[in-house]
Amino acid sequence: MPRDPPRVGAARLATRHVVVALACLAAVSLAVHAQVARQAPVRSLAGQGAHAELVGRVVSEPRPAVFGDGERWQLAVQHVTARGTASSASGLVEVTADGSAPRYGATVAVSGVLRPVDGGDGPLARLTAAGSVTERAPPSALPRVTHAMRSALLDVTEPLSAQARGLVPGVAVGDTSRVPEAVDEAMRVTSLTHVTAVSGGHFAIVVAALTALCALARAPRPVRVAVVAVAAGAFVLLVRPEPSVLRAAWTCAAALLALALGRPSSGPPALAAAATVLLAVDPWLARSYGFVLSCAATAGLVLLAGPLARRLAPWTGRPLAFALAVPWAAQAACGPVLLLLDPHVPVMSVPANLLATPALVPATVLGLVATLLALWAPGVALPVAWLAGLATGWIAGVARTFAAVPGARLPWPAGPLGVAALTLLTVATLALVLRRPPGEGWRREWREVAPRAVRRVRRRVRRAAVRHGRARTAMVAGIAGAALLAVLVVAVPRLAGAGHTVPEDWQVAACDVGQGDSLAVRTGPSSAVVVDVGPDGEAAGRCLDRLGVTTVDLLVLSHFHADHVGGLAAVLRGRTVTSALVSPLDEPAGQAERARSQLAAAGVTVRAAAVGDGGSAGSSTWQVLAASGGSRAAGSGGRGDSGSDEGGGANDASVALELRTAGGLDVVALGDLEEGGQDALAADLAATGRAADVDVVKMAHHGSRSQSAALAERLSPRVTLVSVGAGNTYGHPTDDALALYGSVGSALVRTDQCGTAALVVRGDEIGLACG
């Protein structure tokens, strides 16, 4: 008789696991040290603000520049030359340059001042090109082909509706450059952004479709593995090797290896192997939110979706149980990480994903077919893309519908406390749901009449209490504690603004518009002075709606960067704007022209600000403190005296304004003044004796490192408002900026943590309401 194979002892198995874990840790540690050594030249030069020439390969698709009319893209650095010394280096640098971005995969040379990126994921430095970008070597054949296919898809979808023009390329190849702002916001509120963030779900669809075709063709296993492997590699090149795409590709590779060897494939080992390999190759992926979210979502699906579906099946049936379990598991795993990016809980995530996900399969498949056809048969690709647009239209409609539900996005505390609270609440909920299988007896009880069901449950509780009194008490106490903690950290700090409404007696409000500025100073029951209108989108308009502002007595556009003027249309819509005061420097020219055209179309009187201008607006008064017209910028080569290259001369041409509210608050709004502009303003204020020891300051430039100690000391505000977007890649606000204003005794209020921050005056105290 054949003997059973020898069993591996528990001790030996544990030893193997420890050895493997130590080997993985050693590999990642060695990779970290190697990466740090290769990145050292770029990091050091960026910390010194040095001028350098970089040579490297373009590794991202272009996006619009945050400041100006150029484009920004990422460069994988290979060589760096600075101060007469050339050396090899590595690391990603975000480059902003005028004109069209270089082709993906091209080797280019670019020079400019390197600036560090504080924290977060992505590039380790930024550079604004001082001149033209020189192409040293063209892209290889494959990047050229994939670039042509992506461009052809954009051309083919141009005649389609706005949502299809944006979402079809987004679903097919991850190109989100044309997704309408309203659709993008709705998808973010409902946690549907994964639709256009190509990752595991898209890979699963592609692999499933190819596997089905191979099965229909009765292809043998080696052929199936080869076809899927080649298609997966081509798909990575097409959608670009972003962190989430790499994670999905390597997980797929692990599964294919198991299939090729004739061994069973399991999700957790494949995910663990993929994550370990990627972190060993590039340890800095651990800082990438895309990579972390992709790993978390996959882990949630492979570990939680099955058990959740089994618990739900007795009441919903298996198909609906699985459909509910998938988004629930993904949201449970990703929720705490998402809080680091946006301190809100998407309440409508599960139902929105339940209804939208069925449309993702046809949208992805048809979008990819259109991509393949667009380059060689655009006439055939157009109707295919139109059909894909019907599927994306359903997704966009679901997103808009659920985003409009009151309370679709629940504000939640940011930082470690908020993450810990949500994690504890999630674990407690899952423990309650997964505690025991319901079984058929539970199903029958569920369908019994209420009195009989109550008696049965009561008897079971009594019996369980006798047998497992302590365990039951501990579980109940844990769940109650989690609920109490959620109440303490969510409800109690916001009682003053029940339902997240703004206090009726608000005086100053810093609107939560993401990475941008919009400040409202009350001038009457339904009127205000509004300083800046945030980035493109509806955020500033919605904020003013919440504040009850129907009349803008004075609209101030401190300067014409997109994060300050992009939301102008939403602010003008449905409101009366008496007059507008704008920066004397029309830079960037395109954005200045658009803003002036919008104001002219709305019949708003516009004039350029000058130092000393002032007047009254309702019950408030205002005076211009600074409006240089770019003269300071000119003195430093168009980059401001501080040498900052983020915004060019437009930043130091910002209109700085002093306002006094009817409630007696002195408010100073500094626009995006750089350190040189702030120093000049501090000297002017000292010479004239104005604006000393004020009540409120809107910190300049979202809390960048370019801050003037002299100005902070002069103003010494009681409250400093920092308008900043959660998870921004600029490291705003910097620790140095926060420490500077904290050192003068100011209370710091950040919109990325507080949301819209409304200040009230109660007696001699300034109160704060967040929401």
# chains A, B, ... in the order shown; residues from 1 in each chain; ligands from 1

call {"tool": "residues_around", "arguments": {"residues": "A:Val521", "least_positions_apart": "6", "cutoff": "7 Å", "atoms": "only C-alpha atoms", "output": "list in words"}}
result
Gln507, Val508, Ala509, Ala528, Val529 and Val530 of chain A

call {"tool": "residues_around", "arguments": {"residues": "A:Ala101", "least_positions_apart": "3", "cutoff": "10 Å", "atoms": "only C-alpha atoms", "output": "list of chain:residue names"}}
result
A:Val58, A:Glu61, A:Pro62, A:Arg63, A:Pro64, A:Gly70, A:Glu71, A:Arg72, A:Trp73, A:Val95, A:Thr96, A:Ala97, A:Asp98, A:Tyr104, A:Val133

call {"tool": "closest_residue", "arguments": {"among": "A:Ala204, A:Leu519, A:Ala404, A:Ala758", "to": "A:Ala182", "atoms": "only C-alpha atoms"}}
result
A:Ala404

call {"tool": "closest_atom_pairs", "arguments": {"of": "stretch 84-156 of chain A", "to": "stretch 223-239 of chain A", "cutoff": "12 Å", "atoms": "only C-alpha atoms", "output": "Markdown table"}}
result
| residue | atom | partner | partner_atom | distance |
| --- | --- | --- | --- | --- |
| A:Tyr104 | CA | A:Leu237 | CA | 10.8 |
| A:Gly105 | CA | A:Leu237 | CA | 10.6 |
| A:Ser140 | CA | A:Leu237 | CA | 11.8 |
| A:Ala141 | CA | A:Leu237 | CA | 11.4 |
| A:Leu142 | CA | A:Leu237 | CA | 7.7 |
| A:Pro143 | CA | A:Leu237 | CA | 7.1 |
| A:Arg144 | CA | A:Leu238 | CA | 10.3 |
| A:Val145 | CA | A:Leu238 | CA | 8.8 |
| A:Thr146 | CA | A:Leu238 | CA | 5.3 |
| A:His147 | CA | A:Leu238 | CA | 7.7 |
| A:Ala148 | CA | A:Leu238 | CA | 10.0 |
| A:Met149 | CA | A:Leu238 | CA | 8.1 |
| A:Arg150 | CA | A:Leu238 | CA | 7.6 |
| A:Ser151 | CA | A:Leu238 | CA | 11.2 |
| A:Leu153 | CA | A:Leu238 | CA | 11.6 |

call {"tool": "select_by_dssp", "arguments": {"residues": "stretch 507-689 of chain A", "states": "strand (DSSP E or B)", "output": "ChimeraX atom specification"}}
result
/A:508-510,519-524,527-531,551-557,576-577,579-582,605-608,614-617,620-626,656-660,666-669

call {"tool": "select_by_dssp", "arguments": {"residues": "stretch 705-749 of chain A", "states": "alpha helix (DSSP H)", "output": "list in words"}}
result
Ala709, Ala710, Leu711, Ala712, Glu713, Arg714, Leu715, Asp735, Asp736, Ala737, Leu738, Ala739, Leu740, Tyr741, Gly742 and Ser743 of chain A

call {"tool": "residues_around", "arguments": {"residues": "stretch 85-87 of chain A", "least_positions_apart": "4", "cutoff": "10 Å", "atoms": "only C-alpha atoms", "output": "PDB file with N, CA, C and O atoms, in the first residue's frame"}}
result
ATOM      1  N   ARG A  38      21.133  55.870  -4.554  1.00  0.00           N
ATOM      2  CA  ARG A  38      20.972  56.349  -5.935  1.00  0.00           C
ATOM      3  C   ARG A  38      20.211  57.668  -5.987  1.00  0.00           C
ATOM      4  O   ARG A  38      20.414  58.472  -6.902  1.00  0.00           O
ATOM      5  N   PRO A  41      21.862  62.229  -4.799  1.00  0.00           N
ATOM      6  CA  PRO A  41      22.199  63.482  -5.491  1.00  0.00           C
ATOM      7  C   PRO A  41      20.991  64.386  -5.729  1.00  0.00           C
ATOM      8  O   PRO A  41      21.060  65.592  -5.502  1.00  0.00           O
ATOM      9  N   VAL A  42      19.866  63.804  -6.168  1.00  0.00           N
ATOM     10  CA  VAL A  42      18.681  64.618  -6.441  1.00  0.00           C
ATOM     11  C   VAL A  42      18.112  65.187  -5.148  1.00  0.00           C
ATOM     12  O   VAL A  42      17.746  66.369  -5.069  1.00  0.00           O
ATOM     13  N   ALA A  52      19.902  72.711 -11.734  1.00  0.00           N
ATOM     14  CA  ALA A  52      20.480  71.469 -12.227  1.00  0.00           C
ATOM     15  C   ALA A  52      19.926  71.147 -13.600  1.00  0.00           C
ATOM     16  O   ALA A  52      18.835  71.597 -13.978  1.00  0.00           O
ATOM     17  N   GLU A  53      20.697  70.350 -14.338  1.00  0.00           N
ATOM     18  CA  GLU A  53      20.215  69.771 -15.596  1.00  0.00           C
ATOM     19  C   GLU A  53      19.981  68.287 -15.358  1.00  0.00           C
ATOM     20  O   GLU A  53      20.868  67.578 -14.872  1.00  0.00           O
ATOM     21  N   LEU A  54      18.794  67.832 -15.700  1.00  0.00           N
ATOM     22  CA  LEU A  54      18.421  66.439 -15.516  1.00  0.00           C
ATOM     23  C   LEU A  54      18.282  65.762 -16.872  1.00  0.00           C
ATOM     24  O   LEU A  54      17.735  66.351 -17.814  1.00  0.00           O
ATOM     25  N   GLN A  78      18.132  59.817 -14.748  1.00  0.00           N
ATOM     26  CA  GLN A  78      19.265  58.916 -14.974  1.00  0.00           C
ATOM     27  C   GLN A  78      20.599  59.609 -14.687  1.00  0.00           C
ATOM     28  O   GLN A  78      21.517  58.994 -14.154  1.00  0.00           O
ATOM     29  N   HIS A  79      20.694  60.898 -15.054  1.00  0.00           N
ATOM     30  CA  HIS A  79      21.916  61.665 -14.813  1.00  0.00           C
ATOM     31  C   HIS A  79      21.524  63.065 -14.361  1.00  0.00           C
ATOM     32  O   HIS A  79      20.503  63.613 -14.807  1.00  0.00           O
ATOM     33  N   VAL A  80      22.348  63.644 -13.503  1.00  0.00           N
ATOM     34  CA  VAL A  80      22.113  65.006 -13.039  1.00  0.00           C
ATOM     35  C   VAL A  80      23.428  65.767 -13.097  1.00  0.00           C
ATOM     36  O   VAL A  80      24.489  65.248 -12.715  1.00  0.00           O
ATOM     37  N   THR A  81      23.370  67.010 -13.595  1.00  0.00           N
ATOM     38  CA  THR A  81      24.542  67.882 -13.661  1.00  0.00           C
ATOM     39  C   THR A  81      24.220  69.167 -12.921  1.00  0.00           C
ATOM     40  O   THR A  81      23.234  69.847 -13.234  1.00  0.00           O
TER      41      THR A  81
END

call {"tool": "residues_around", "arguments": {"residues": "A:His202", "least_positions_apart": "2", "cutoff": "10 Å", "atoms": "only C-alpha atoms", "output": "list in words"}}
result
Val171, Ala172, Val173, His194, Val195, Thr196, Ala197, Val198, Ser199, Gly200, Ala204, Ile205, Val206, Val207, Ala208, Phe235, Val245, Ala248, Leu360, Val361, Thr364 and Val365 of chain A

call {"tool": "atom_distance", "arguments": {"atom1": "atom CA of A:Arg310", "atom2": "atom CA of A:Ala330"}}
result
16.2 Å

call {"tool": "residues_around", "arguments": {"residues": "A:Asn651", "least_positions_apart": "4", "cutoff": "7 Å", "atoms": "only C-alpha atoms", "output": "CSV table (one decimal) with C-alpha atoms, in the first residue's frame"}}
result
chain,number,residue,atom,x,y,z
A,559,HIS,CA,-4.1,86.5,-8.9
A,647,GLY,CA,4.1,80.4,-9.4
A,672,ASP,CA,0.0,83.5,-2.7
A,673,LEU,CA,2.7,86.0,-1.8
A,674,GLU,CA,6.1,84.4,-1.7

call {"tool": "residues_around", "arguments": {"residues": "A:Leu246", "least_positions_apart": "3", "cutoff": "9 Å", "atoms": "only C-alpha atoms", "output": "JSON, numbers by chain"}}
result
{"A": [199, 236, 241, 242, 243, 249, 250, 251, 274, 278, 291]}

call {"tool": "write_last_selection", "arguments": {"atoms": "N, CA, C and O atoms", "output": "PDB file, in the first residue's frame"}}
result
ATOM      1  N   SER A 199      -6.819  49.018 -12.438  1.00  0.00           N
ATOM      2  CA  SER A 199      -6.191  48.188 -11.414  1.00  0.00           C
ATOM      3  C   SER A 199      -6.681  46.755 -11.566  1.00  0.00           C
ATOM      4  O   SER A 199      -6.971  46.298 -12.673  1.00  0.00           O
ATOM      5  N   VAL A 236      -0.469  46.478 -19.655  1.00  0.00           N
ATOM      6  CA  VAL A 236       0.323  47.336 -18.765  1.00  0.00           C
ATOM      7  C   VAL A 236       0.946  48.481 -19.555  1.00  0.00           C
ATOM      8  O   VAL A 236       0.936  49.644 -19.126  1.00  0.00           O
ATOM      9  N   PRO A 241       2.478  51.889 -16.508  1.00  0.00           N
ATOM     10  CA  PRO A 241       2.789  51.125 -15.293  1.00  0.00           C
ATOM     11  C   PRO A 241       2.713  51.951 -14.016  1.00  0.00           C
ATOM     12  O   PRO A 241       3.717  52.193 -13.341  1.00  0.00           O
ATOM     13  N   GLU A 242       1.515  52.402 -13.680  1.00  0.00           N
ATOM     14  CA  GLU A 242       1.290  53.068 -12.399  1.00  0.00           C
ATOM     15  C   GLU A 242       1.387  52.038 -11.275  1.00  0.00           C
ATOM     16  O   GLU A 242       1.272  50.824 -11.516  1.00  0.00           O
ATOM     17  N   PRO A 243       1.570  52.481 -10.011  1.00  0.00           N
ATOM     18  CA  PRO A 243       1.719  51.524  -8.904  1.00  0.00           C
ATOM     19  C   PRO A 243       0.588  50.509  -8.804  1.00  0.00           C
ATOM     20  O   PRO A 243       0.829  49.316  -8.608  1.00  0.00           O
ATOM     21  N   ALA A 249      -0.651  43.555 -12.125  1.00  0.00           N
ATOM     22  CA  ALA A 249       0.072  42.754 -13.112  1.00  0.00           C
ATOM     23  C   ALA A 249       0.894  41.659 -12.438  1.00  0.00           C
ATOM     24  O   ALA A 249       0.912  40.510 -12.896  1.00  0.00           O
ATOM     25  N   TRP A 250       1.571  41.989 -11.356  1.00  0.00           N
ATOM     26  CA  TRP A 250       2.390  40.989 -10.684  1.00  0.00           C
ATOM     27  C   TRP A 250       1.547  39.943  -9.969  1.00  0.00           C
ATOM     28  O   TRP A 250       1.929  38.771  -9.872  1.00  0.00           O
ATOM     29  N   THR A 251       0.394  40.338  -9.459  1.00  0.00           N
ATOM     30  CA  THR A 251      -0.515  39.352  -8.873  1.00  0.00           C
ATOM     31  C   THR A 251      -1.007  38.397  -9.946  1.00  0.00           C
ATOM     32  O   THR A 251      -1.089  37.175  -9.742  1.00  0.00           O
ATOM     33  N   ALA A 274       3.391  39.289  -4.994  1.00  0.00           N
ATOM     34  CA  ALA A 274       3.476  40.464  -5.850  1.00  0.00           C
ATOM     35  C   ALA A 274       3.942  41.685  -5.065  1.00  0.00           C
ATOM     36  O   ALA A 274       4.820  42.436  -5.510  1.00  0.00           O
ATOM     37  N   LEU A 278       7.560  43.720  -5.676  1.00  0.00           N
ATOM     38  CA  LEU A 278       7.527  45.132  -6.062  1.00  0.00           C
ATOM     39  C   LEU A 278       8.235  46.011  -5.038  1.00  0.00           C
ATOM     40  O   LEU A 278       8.946  46.964  -5.396  1.00  0.00           O
ATOM     41  N   PHE A 291      -0.650  52.368  -4.657  1.00  0.00           N
ATOM     42  CA  PHE A 291      -0.191  51.010  -4.383  1.00  0.00           C
ATOM     43  C   PHE A 291      -0.826  50.465  -3.105  1.00  0.00           C
ATOM     44  O   PHE A 291      -1.305  49.324  -3.063  1.00  0.00           O
TER      45      PHE A 291
END

call {"tool": "decode", "arguments": {"residues": "stretch 425-437 of chain A", "atoms": "all heavy atoms", "output": "PDB file, in the first residue's frame"}}
result
ATOM      1  N   LEU A 425     -14.258  50.810  14.525  1.00  0.00           N
ATOM      2  CA  LEU A 425     -15.666  50.641  14.185  1.00  0.00           C
ATOM      3  C   LEU A 425     -15.837  49.593  13.083  1.00  0.00           C
ATOM      4  O   LEU A 425     -16.762  48.765  13.135  1.00  0.00           O
ATOM      5  CB  LEU A 425     -16.248  51.981  13.733  1.00  0.00           C
ATOM      6  CG  LEU A 425     -17.761  52.049  13.539  1.00  0.00           C
ATOM      7  CD1 LEU A 425     -18.490  51.742  14.841  1.00  0.00           C
ATOM      8  CD2 LEU A 425     -18.168  53.428  13.036  1.00  0.00           C
ATOM      9  N   THR A 426     -14.943  49.591  12.098  1.00  0.00           N
ATOM     10  CA  THR A 426     -15.009  48.605  11.024  1.00  0.00           C
ATOM     11  C   THR A 426     -14.779  47.197  11.547  1.00  0.00           C
ATOM     12  O   THR A 426     -15.501  46.254  11.203  1.00  0.00           O
ATOM     13  CB  THR A 426     -13.966  48.935   9.939  1.00  0.00           C
ATOM     14  OG1 THR A 426     -14.229  50.241   9.415  1.00  0.00           O
ATOM     15  CG2 THR A 426     -14.025  47.928   8.806  1.00  0.00           C
ATOM     16  N   VAL A 427     -13.760  47.029  12.392  1.00  0.00           N
ATOM     17  CA  VAL A 427     -13.458  45.714  12.953  1.00  0.00           C
ATOM     18  C   VAL A 427     -14.605  45.212  13.807  1.00  0.00           C
ATOM     19  O   VAL A 427     -15.001  44.030  13.736  1.00  0.00           O
ATOM     20  CB  VAL A 427     -12.154  45.775  13.781  1.00  0.00           C
ATOM     21  CG1 VAL A 427     -11.960  44.487  14.574  1.00  0.00           C
ATOM     22  CG2 VAL A 427     -10.958  46.019  12.866  1.00  0.00           C
ATOM     23  N   ALA A 428     -15.192  46.099  14.610  1.00  0.00           N
ATOM     24  CA  ALA A 428     -16.313  45.688  15.453  1.00  0.00           C
ATOM     25  C   ALA A 428     -17.517  45.267  14.617  1.00  0.00           C
ATOM     26  O   ALA A 428     -18.186  44.267  14.923  1.00  0.00           O
ATOM     27  CB  ALA A 428     -16.699  46.842  16.390  1.00  0.00           C
ATOM     28  N   THR A 429     -17.796  46.002  13.555  1.00  0.00           N
ATOM     29  CA  THR A 429     -18.922  45.650  12.680  1.00  0.00           C
ATOM     30  C   THR A 429     -18.685  44.310  12.000  1.00  0.00           C
ATOM     31  O   THR A 429     -19.584  43.455  11.945  1.00  0.00           O
ATOM     32  CB  THR A 429     -19.131  46.749  11.631  1.00  0.00           C
ATOM     33  OG1 THR A 429     -19.331  48.000  12.277  1.00  0.00           O
ATOM     34  CG2 THR A 429     -20.327  46.432  10.746  1.00  0.00           C
ATOM     35  N   LEU A 430     -17.478  44.105  11.469  1.00  0.00           N
ATOM     36  CA  LEU A 430     -17.171  42.837  10.817  1.00  0.00           C
ATOM     37  C   LEU A 430     -17.213  41.680  11.814  1.00  0.00           C
ATOM     38  O   LEU A 430     -17.676  40.575  11.479  1.00  0.00           O
ATOM     39  CB  LEU A 430     -15.794  42.907  10.161  1.00  0.00           C
ATOM     40  CG  LEU A 430     -15.682  43.829   8.933  1.00  0.00           C
ATOM     41  CD1 LEU A 430     -14.236  43.934   8.486  1.00  0.00           C
ATOM     42  CD2 LEU A 430     -16.557  43.318   7.785  1.00  0.00           C
ATOM     43  N   ALA A 431     -16.736  41.920  13.033  1.00  0.00           N
ATOM     44  CA  ALA A 431     -16.782  40.863  14.052  1.00  0.00           C
ATOM     45  C   ALA A 431     -18.223  40.467  14.359  1.00  0.00           C
ATOM     46  O   ALA A 431     -18.531  39.292  14.546  1.00  0.00           O
ATOM     47  CB  ALA A 431     -16.070  41.333  15.320  1.00  0.00           C
ATOM     48  N   LEU A 432     -19.100  41.457  14.390  1.00  0.00           N
ATOM     49  CA  LEU A 432     -20.506  41.170  14.669  1.00  0.00           C
ATOM     50  C   LEU A 432     -21.148  40.389  13.530  1.00  0.00           C
ATOM     51  O   LEU A 432     -21.880  39.418  13.747  1.00  0.00           O
ATOM     52  CB  LEU A 432     -21.260  42.476  14.901  1.00  0.00           C
ATOM     53  CG  LEU A 432     -22.753  42.352  15.230  1.00  0.00           C
ATOM     54  CD1 LEU A 432     -22.950  41.601  16.539  1.00  0.00           C
ATOM     55  CD2 LEU A 432     -23.396  43.731  15.310  1.00  0.00           C
ATOM     56  N   VAL A 433     -20.841  40.794  12.292  1.00  0.00           N
ATOM     57  CA  VAL A 433     -21.463  40.150  11.130  1.00  0.00           C
ATOM     58  C   VAL A 433     -20.903  38.754  10.911  1.00  0.00           C
ATOM     59  O   VAL A 433     -21.639  37.806  10.601  1.00  0.00           O
ATOM     60  CB  VAL A 433     -21.261  41.023   9.879  1.00  0.00           C
ATOM     61  CG1 VAL A 433     -21.746  40.295   8.633  1.00  0.00           C
ATOM     62  CG2 VAL A 433     -21.994  42.342  10.027  1.00  0.00           C
ATOM     63  N   LEU A 434     -19.590  38.592  11.079  1.00  0.00           N
ATOM     64  CA  LEU A 434     -18.936  37.322  10.779  1.00  0.00           C
ATOM     65  C   LEU A 434     -18.842  36.398  11.988  1.00  0.00           C
ATOM     66  O   LEU A 434     -18.239  35.317  11.891  1.00  0.00           O
ATOM     67  CB  LEU A 434     -17.517  37.577  10.242  1.00  0.00           C
ATOM     68  CG  LEU A 434     -17.430  38.419   8.973  1.00  0.00           C
ATOM     69  CD1 LEU A 434     -15.976  38.668   8.607  1.00  0.00           C
ATOM     70  CD2 LEU A 434     -18.155  37.749   7.816  1.00  0.00           C
ATOM     71  N   ARG A 435     -19.461  36.783  13.081  1.00  0.00           N
ATOM     72  CA  ARG A 435     -19.291  36.042  14.334  1.00  0.00           C
ATOM     73  C   ARG A 435     -19.731  34.603  14.220  1.00  0.00           C
ATOM     74  O   ARG A 435     -19.103  33.691  14.717  1.00  0.00           O
ATOM     75  CB  ARG A 435     -20.081  36.747  15.440  1.00  0.00           C
ATOM     76  CG  ARG A 435     -20.015  36.084  16.802  1.00  0.00           C
ATOM     77  CD  ARG A 435     -20.641  36.995  17.838  1.00  0.00           C
ATOM     78  NE  ARG A 435     -21.982  37.389  17.446  1.00  0.00           N
ATOM     79  CZ  ARG A 435     -23.086  36.750  17.833  1.00  0.00           C
ATOM     80  NH1 ARG A 435     -22.984  35.659  18.562  1.00  0.00           N
ATOM     81  NH2 ARG A 435     -24.259  37.177  17.463  1.00  0.00           N
ATOM     82  N   ARG A 436     -20.847  34.340  13.559  1.00  0.00           N
ATOM     83  CA  ARG A 436     -21.336  32.963  13.420  1.00  0.00           C
ATOM     84  C   ARG A 436     -22.224  32.867  12.200  1.00  0.00           C
ATOM     85  O   ARG A 436     -22.914  33.824  11.846  1.00  0.00           O
ATOM     86  CB  ARG A 436     -22.110  32.518  14.660  1.00  0.00           C
ATOM     87  CG  ARG A 436     -23.272  33.423  15.011  1.00  0.00           C
ATOM     88  CD  ARG A 436     -24.016  32.941  16.239  1.00  0.00           C
ATOM     89  NE  ARG A 436     -24.644  31.658  16.001  1.00  0.00           N
ATOM     90  CZ  ARG A 436     -25.407  31.033  16.918  1.00  0.00           C
ATOM     91  NH1 ARG A 436     -25.566  31.578  18.093  1.00  0.00           N
ATOM     92  NH2 ARG A 436     -25.956  29.892  16.643  1.00  0.00           N
ATOM     93  N   PRO A 437     -22.228  31.737  11.522  1.00  0.00           N
ATOM     94  CA  PRO A 437     -23.093  31.597  10.344  1.00  0.00           C
ATOM     95  C   PRO A 437     -24.553  31.565  10.748  1.00  0.00           C
ATOM     96  O   PRO A 437     -24.911  30.952  11.752  1.00  0.00           O
ATOM     97  CB  PRO A 437     -22.655  30.266   9.731  1.00  0.00           C
ATOM     98  CG  PRO A 437     -22.060  29.508  10.865  1.00  0.00           C
ATOM     99  CD  PRO A 437     -21.441  30.515  11.784  1.00  0.00           C
TER     100      PRO A 437
END
